[in-house]
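Peer 1: Supplied in C-alpha cells, the structure appears directly below.
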Amino acid sequence: MQDTYQYWPKCSIYQTLQLLQKTRACSRSEYVVETFMTDPQVTLMKPLVACTLSWRALSTLLPSNRKLMLRRLLHNRPKRLSEMFQKASDIPKEGETTSVSHKLFLANGIYYPSSLGVFTLMPQGLRALQKLIKIIDQEMEAVGAEKIQMPTLVPQRLWEKTGRWEAMGSELFRLQDRHQRGYCLGPTHEEIVTELVASQLNFHHRLPIKLYQITKKFRDEPLPHHGFLRSREFEMKDLYTFHATEEDARTTYKEVLQAYENVLNRLQLDFVKAEADTGLIGGSQSHEFHLKCPGIGEDTVYTCNSCGYSGNKEVLEVDIKCPSCSSQDLESYNAIEVGHAFLLGQKYSKPLEAMYRTENQKSRVLEMGCYGLGVSRILQASVEVLSDGKHIRWPRMIAPYQIVIIPQKKGASEARFKEITENLYQALQSVPSLQGEIVIDDRLSITIGRRVVDAKLQGFPYAVVIGNKAVEREDGLEVIDIYADCKSSTDLTVSSVIDYLSQNVKCVS
C-alpha cells in the first residue's frame, strides 16, 4: 500500500480510510457510486482505493454500477507506446506511382496490405475511423436517419429486376452458393433496402423513411492504387430515403447535403460541392463532394469565377460554359471525390414495387434518394490534403490519440520522472474531454528530441514534454502544438497543462 501511496502525496492515509469507511458503512449503492464519481480526492486516490477497497463493498453495488466503478478505478492502466501493436509495411519503391498518404499509412502502421486493394486496418487507424464514424452518426441522427445493417451478400434476383446485374459488368464480385443461386458482394444497397421497405410499408403516415448503414463495400477495381483511395474493399456510409412526393424528397435532399457539409466542416477540410452526372446509379439530380488534390485527384471539377457554380467534368466537358450564368470564366482542378448524393425518383421503387397507400387507400410509388460517403476514403484523403508529405496530419478531431507524454530518457532521477509521468497521465485522464486520448511514449532509450520527431511523423496533435526542469520545479512542463509548426508553451504546471489542453484539444463528443 505504501508503494502505491507514494505516487499520490496530496492524499493522506486518514482521508483514504475516511472515504473507505464511508463506502462500507453506506447502504445506498447510488451514494457509493456518486462518492467515487464526484469526490475531489478520488482523482488522486484511484490506485490506493483500488488496492484497499474490499470486494465485499463492491458486491453491494448494482451490477451496472459495479462495472462502471471497476472500469473507472481498476481499468485505468496507462497506454504506453511500447506496448502498442504497430506493423510498419514496405514503402513502395521510388518510381512506383502512389500517394503521399499511402506511403505515410504504410510507414506508420495505419494499415497493412493483405492483398491487392485490400487492407487490414491497424489499431491507430481503426481509432481514427471510429471517431470519423461517430461524427457521421451524429450528423445522420440530426436529419432523422436511423441506422441499420444490411447483408454483404446481395441476391442476383434483385439486381436483375433493376437491370444492374448486367449493367455493372466486371466491377461486381459475383459468386454462387451450393444451390447455384447467384449473389454479389454489395457495392451498394439500393435493391436490398427498397425490398425491405416495400415489405414493411402500408400507410402514408410512416413517411418519410430514412435508413442508413456504415459497412464494408466491394468493387472489383481493375487496377487498385493509392490505398483506400482506390481499393477493392472499403468502408462506406450509405443513406436511403423514401418519400410520398418528389417535393418531400427534394427537401430531404437539401437537408442531407447540408449534413455532408457539416461533416466536412467539422473535420476542417476545404471541400467543393459540385453538380454531377447520375451515372449508373440513376435519378434526376446528383451532387458530389470533393477535396481539392492537384497531385493525385482523379476527378476534374470546374468552378465558375463569376457566380461560384461548381460541376464535375461529366456535366461540363461537352460545353465548357457555366450552366448557371453562361460565363466561360471557369477554373478547373483535380480533386478526390468523398461523397455523392442522388435524387433517384422511382428508378428502384417502381421495379421493386415499393408502394405506399394514400389516405384514400390508393397505391402510389415511393420517391427515393440515396446518399453515399466514402468513410475510409475520407480517412485517407484528409491526410493526403493536410500532410506535408513527410508527416501524418489528421483532422484534429479524428487523430487516433490527441496527446503523447514524452518523459526524460533513462538516467538520473528515473524514479522521479516515472512518478511525474504517471501523475500527469492520471490528472489528464480525469478531464472528461481528454479521457482515452493520452499515450505515454515510454521508449526511454531514445532522446526527447527524437521522440518529438516521431510524434510529428505519426500525427499526434500535442506532445507534453517532461524534461529536467520538471524535476527541479513544479512549472517545468512543456506543451508542443505539433500541428501549429511545433509551437511550444513552456514553464507550465500540471494545472496549466490541463487548462491549456482542455481549451485546445478538439475531440468528438
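Residue names in the C-alpha cells use chain letters A, B, ... in the order shown, residue numbers from 1 in each chain, and ligand numbers from 1 in the order shown.
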Residues at most 12 Å from Ser199 of chain A, counting only C-alpha atoms, excluding those fewer than 5 positions away in the same chain, as a PyMOL selection string?

Peer 2: chain A and resi 192-194+349+352-356

Peer 1: For Cys325 of chain A, find every residue with an atom within 9 Å (counting only C-alpha atoms), except residues of its own chain fewer than 3 positions away, and show them as an mmCIF file with C-alpha atoms, in the first residue's frame.

Peer 2:
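Written out: out-v4.cif:
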```cif
data_model
loop_
_atom_site.group_PDB
_atom_site.id
_atom_site.type_symbol
_atom_site.label_atom_id
_atom_site.label_comp_id
_atom_site.auth_asym_id
_atom_site.auth_seq_id
_atom_site.Cartn_x
_atom_site.Cartn_y
_atom_site.Cartn_z
ATOM 1 C CA CYS A 304 -17.157 29.424 -62.195
ATOM 2 C CA SER A 306 -18.283 34.683 -61.887
ATOM 3 C CA CYS A 307 -21.080 33.016 -59.899
ATOM 4 C CA TYR A 309 -21.138 27.362 -59.516
ATOM 5 C CA LYS A 321 -19.748 27.096 -70.164
ATOM 6 C CA CYS A 322 -21.328 27.658 -66.757
ATOM 7 C CA GLN A 328 -16.824 30.807 -69.688
#
```

Peer 1: Rank A:Ala249, A:Leu126, A:Val118, A:Leu264 by their smallest atom-to-atom distance to Leu207 of chain A, using only C-alpha atoms, and report the top residue only.

Peer 2: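 Checking each candidate against Leu207 of chain A, we get A:Ala249 as the closest.
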
Peer 1: Using DSSP secondary structure from the backbone, list all helix (DSSP H, G or I) positions within segment 186-221 of chain A, as an MDAnalysis selection string.

Peer 2: chainID A and resid 190:200 204:206

Peer 1: Need to verify the contact set: Arg181 of chain A, 12 Å, only C-alpha atoms, exclusion of same-chain residues closer than 6 positions in sequence. Can you return it as a list in words?

Peer 2: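 Close residues of Arg181 of chain A: Leu153, Val154, Pro155, Gln156, Arg157, Arg174 and Leu175 of chain A.
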
Peer 1: Grab the residues selected above and save them as a PDB file, in the first residue's frame with N, CA, C and O atoms.

Peer 2:
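The result, stored in result14.pdb:
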```
ATOM      1  N   LEU A 153     -23.896 -10.105 -48.728  1.00  0.00           N
ATOM      2  CA  LEU A 153     -24.321 -10.915 -49.870  1.00  0.00           C
ATOM      3  C   LEU A 153     -25.646 -10.392 -50.414  1.00  0.00           C
ATOM      4  O   LEU A 153     -26.663 -10.413 -49.726  1.00  0.00           O
ATOM      5  N   VAL A 154     -25.616  -9.921 -51.655  1.00  0.00           N
ATOM      6  CA  VAL A 154     -26.813  -9.354 -52.289  1.00  0.00           C
ATOM      7  C   VAL A 154     -27.296 -10.334 -53.359  1.00  0.00           C
ATOM      8  O   VAL A 154     -26.532 -10.715 -54.253  1.00  0.00           O
ATOM      9  N   PRO A 155     -28.565 -10.768 -53.307  1.00  0.00           N
ATOM     10  CA  PRO A 155     -29.048 -11.768 -54.270  1.00  0.00           C
ATOM     11  C   PRO A 155     -29.146 -11.235 -55.696  1.00  0.00           C
ATOM     12  O   PRO A 155     -29.573 -10.101 -55.930  1.00  0.00           O
ATOM     13  N   GLN A 156     -28.765 -12.070 -56.625  1.00  0.00           N
ATOM     14  CA  GLN A 156     -28.794 -11.730 -58.052  1.00  0.00           C
ATOM     15  C   GLN A 156     -30.195 -11.350 -58.514  1.00  0.00           C
ATOM     16  O   GLN A 156     -30.366 -10.432 -59.329  1.00  0.00           O
ATOM     17  N   ARG A 157     -31.225 -11.997 -57.977  1.00  0.00           N
ATOM     18  CA  ARG A 157     -32.601 -11.785 -58.441  1.00  0.00           C
ATOM     19  C   ARG A 157     -33.019 -10.309 -58.305  1.00  0.00           C
ATOM     20  O   ARG A 157     -33.753  -9.789 -59.151  1.00  0.00           O
ATOM     21  N   ARG A 174     -18.933 -11.539 -58.112  1.00  0.00           N
ATOM     22  CA  ARG A 174     -20.066 -12.448 -58.230  1.00  0.00           C
ATOM     23  C   ARG A 174     -19.698 -13.823 -57.698  1.00  0.00           C
ATOM     24  O   ARG A 174     -18.557 -14.277 -57.830  1.00  0.00           O
ATOM     25  N   LEU A 175     -20.687 -14.514 -57.137  1.00  0.00           N
ATOM     26  CA  LEU A 175     -20.468 -15.861 -56.631  1.00  0.00           C
ATOM     27  C   LEU A 175     -21.784 -16.609 -56.597  1.00  0.00           C
ATOM     28  O   LEU A 175     -22.867 -16.027 -56.733  1.00  0.00           O
TER      29      LEU A 175
END
```

Peer 1: With a distance cut-off of 6 Å and only C-alpha atoms, select the neighbouring residues of segment 460-466 of chain A, excluding the residue or stretch itself and same-chain residues fewer than 3 positions from it, and output the selection as a list in words.

Peer 2: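 Close residues of segment 460-466 of chain A: Gln402, Ile403, Val404, Ile405, Ile406, Pro407, Gln408, Ala455, Ala470, Leu477, Glu478, Val479, Ile480, Asp481, Ile482 and Tyr483 of chain A.
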
Peer 1: Could you save those same residues with N, CA and C atoms as a PDB file, in the first residue's frame?

Peer 2:
```
ATOM      1  N   GLN A 402      -4.864  12.198 -29.026  1.00  0.00           N
ATOM      2  CA  GLN A 402      -4.643  13.631 -29.089  1.00  0.00           C
ATOM      3  C   GLN A 402      -3.323  14.058 -28.459  1.00  0.00           C
ATOM      4  N   ILE A 403      -2.879  13.318 -27.441  1.00  0.00           N
ATOM      5  CA  ILE A 403      -1.751  13.775 -26.616  1.00  0.00           C
ATOM      6  C   ILE A 403      -0.758  12.641 -26.418  1.00  0.00           C
ATOM      7  N   VAL A 404       0.512  12.925 -26.602  1.00  0.00           N
ATOM      8  CA  VAL A 404       1.566  11.982 -26.243  1.00  0.00           C
ATOM      9  C   VAL A 404       2.435  12.634 -25.166  1.00  0.00           C
ATOM     10  N   ILE A 405       2.651  11.932 -24.073  1.00  0.00           N
ATOM     11  CA  ILE A 405       3.516  12.406 -22.992  1.00  0.00           C
ATOM     12  C   ILE A 405       4.914  11.835 -23.226  1.00  0.00           C
ATOM     13  N   ILE A 406       5.920  12.716 -23.226  1.00  0.00           N
ATOM     14  CA  ILE A 406       7.301  12.299 -23.514  1.00  0.00           C
ATOM     15  C   ILE A 406       8.170  12.630 -22.310  1.00  0.00           C
ATOM     16  N   PRO A 407       8.479  11.639 -21.467  1.00  0.00           N
ATOM     17  CA  PRO A 407       9.345  11.894 -20.310  1.00  0.00           C
ATOM     18  C   PRO A 407      10.820  11.828 -20.693  1.00  0.00           C
ATOM     19  N   GLN A 408      11.668  12.314 -19.788  1.00  0.00           N
ATOM     20  CA  GLN A 408      13.116  12.288 -19.991  1.00  0.00           C
ATOM     21  C   GLN A 408      13.589  10.851 -20.178  1.00  0.00           C
ATOM     22  N   ALA A 455       6.640  11.713 -32.904  1.00  0.00           N
ATOM     23  CA  ALA A 455       5.258  12.136 -32.643  1.00  0.00           C
ATOM     24  C   ALA A 455       4.710  12.929 -33.831  1.00  0.00           C
ATOM     25  N   ALA A 470      11.290  19.723 -15.058  1.00  0.00           N
ATOM     26  CA  ALA A 470      10.100  19.234 -14.356  1.00  0.00           C
ATOM     27  C   ALA A 470      10.454  18.615 -13.004  1.00  0.00           C
ATOM     28  N   LEU A 477       7.007  21.914 -17.031  1.00  0.00           N
ATOM     29  CA  LEU A 477       6.451  21.133 -18.136  1.00  0.00           C
ATOM     30  C   LEU A 477       6.362  21.976 -19.407  1.00  0.00           C
ATOM     31  N   GLU A 478       6.332  21.288 -20.543  1.00  0.00           N
ATOM     32  CA  GLU A 478       6.259  21.949 -21.842  1.00  0.00           C
ATOM     33  C   GLU A 478       5.197  21.261 -22.697  1.00  0.00           C
ATOM     34  N   VAL A 479       4.364  22.055 -23.381  1.00  0.00           N
ATOM     35  CA  VAL A 479       3.374  21.531 -24.323  1.00  0.00           C
ATOM     36  C   VAL A 479       3.746  21.997 -25.722  1.00  0.00           C
ATOM     37  N   ILE A 480       3.763  21.054 -26.668  1.00  0.00           N
ATOM     38  CA  ILE A 480       4.086  21.370 -28.058  1.00  0.00           C
ATOM     39  C   ILE A 480       2.843  21.118 -28.915  1.00  0.00           C
ATOM     40  N   ASP A 481       2.396  22.155 -29.623  1.00  0.00           N
ATOM     41  CA  ASP A 481       1.303  22.017 -30.584  1.00  0.00           C
ATOM     42  C   ASP A 481       1.923  21.608 -31.916  1.00  0.00           C
ATOM     43  N   ILE A 482       1.933  20.316 -32.174  1.00  0.00           N
ATOM     44  CA  ILE A 482       2.648  19.784 -33.335  1.00  0.00           C
ATOM     45  C   ILE A 482       2.031  20.256 -34.640  1.00  0.00           C
ATOM     46  N   TYR A 483       0.712  20.419 -34.675  1.00  0.00           N
ATOM     47  CA  TYR A 483       0.045  20.836 -35.910  1.00  0.00           C
ATOM     48  C   TYR A 483       0.184  22.335 -36.174  1.00  0.00           C
TER      49      TYR A 483
END
```

Peer 1: May I ask which of the residues A:Leu379, A:Leu185, A:Met397, A:Val494 is the closest one to Leu428 of chain A, counting only C-alpha atoms?

Peer 2: A:Val494

Peer 1: Could you pull the residues within 10 Å of segment 84-86 of chain A, counting only C-alpha atoms, minus those fewer than 2 positions along the same chain, as a list in words?

Peer 2: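 Counting only the stated atoms, we get Lys79, Arg80, Leu81, Ser82, Ala88, Ser89, Ala107, Asn108, Gly109, Ile110, Tyr111, Tyr112, Met122, Pro123, Gln124 and Val439 of chain A.
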
Peer 1: So that I can see what lies close to Lys254 of chain A, please list as a VMD selection string the residues with an atom at most 12 Å from it, counting only C-alpha atoms and leaving out residues fewer than 6 positions away in the same chain.

Peer 2: chain A and resid 143 247 to 248 260 to 261 285 to 287 341 to 343 369 371

Peer 1: What's the 8 Å shell around Gln458 of chain A, counting only C-alpha atoms, without same-chain residues fewer than 5 positions away, as an MDAnalysis selection string?

Peer 2: chainID A and resid 108 391:393

Peer 1: Go ahead and write the residues just picked, N, CA and C atoms, as a PDB file, in the first residue's frame.

Peer 2:
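Listing of part.pdb after writing:
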```pdb
ATOM      1  N   ASN A 108       3.810   4.120 -41.105  1.00  0.00           N
ATOM      2  CA  ASN A 108       3.461   4.322 -39.698  1.00  0.00           C
ATOM      3  C   ASN A 108       2.462   3.301 -39.169  1.00  0.00           C
ATOM      4  N   HIS A 391       5.003  13.897 -42.858  1.00  0.00           N
ATOM      5  CA  HIS A 391       4.388  13.616 -41.565  1.00  0.00           C
ATOM      6  C   HIS A 391       2.882  13.451 -41.725  1.00  0.00           C
ATOM      7  N   ILE A 392       2.311  12.515 -40.969  1.00  0.00           N
ATOM      8  CA  ILE A 392       0.858  12.380 -40.956  1.00  0.00           C
ATOM      9  C   ILE A 392       0.260  13.583 -40.249  1.00  0.00           C
ATOM     10  N   ARG A 393      -0.758  14.140 -40.871  1.00  0.00           N
ATOM     11  CA  ARG A 393      -1.548  15.158 -40.187  1.00  0.00           C
ATOM     12  C   ARG A 393      -3.021  14.821 -40.386  1.00  0.00           C
TER      13      ARG A 393
END
```

Peer 1: Using DSSP on the backbone coordinates, identify all residues within segment 183-337 of chain A classified as strand (DSSP E or B); present the result as a PyMOL selection string.

Peer 2: chain A and resi 183-185+203+209-218+225+230+233-243+271-275+285-292+299-304+310-312+330-337

Peer 1: Distance atom CA of Gln138 of chain A-atom CA of Leu257 of chain A, one decimal place?

Peer 2: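 Interatomic distance, atom CA of Gln138 of chain A to atom CA of Leu257 of chain A: 14.6 Å.
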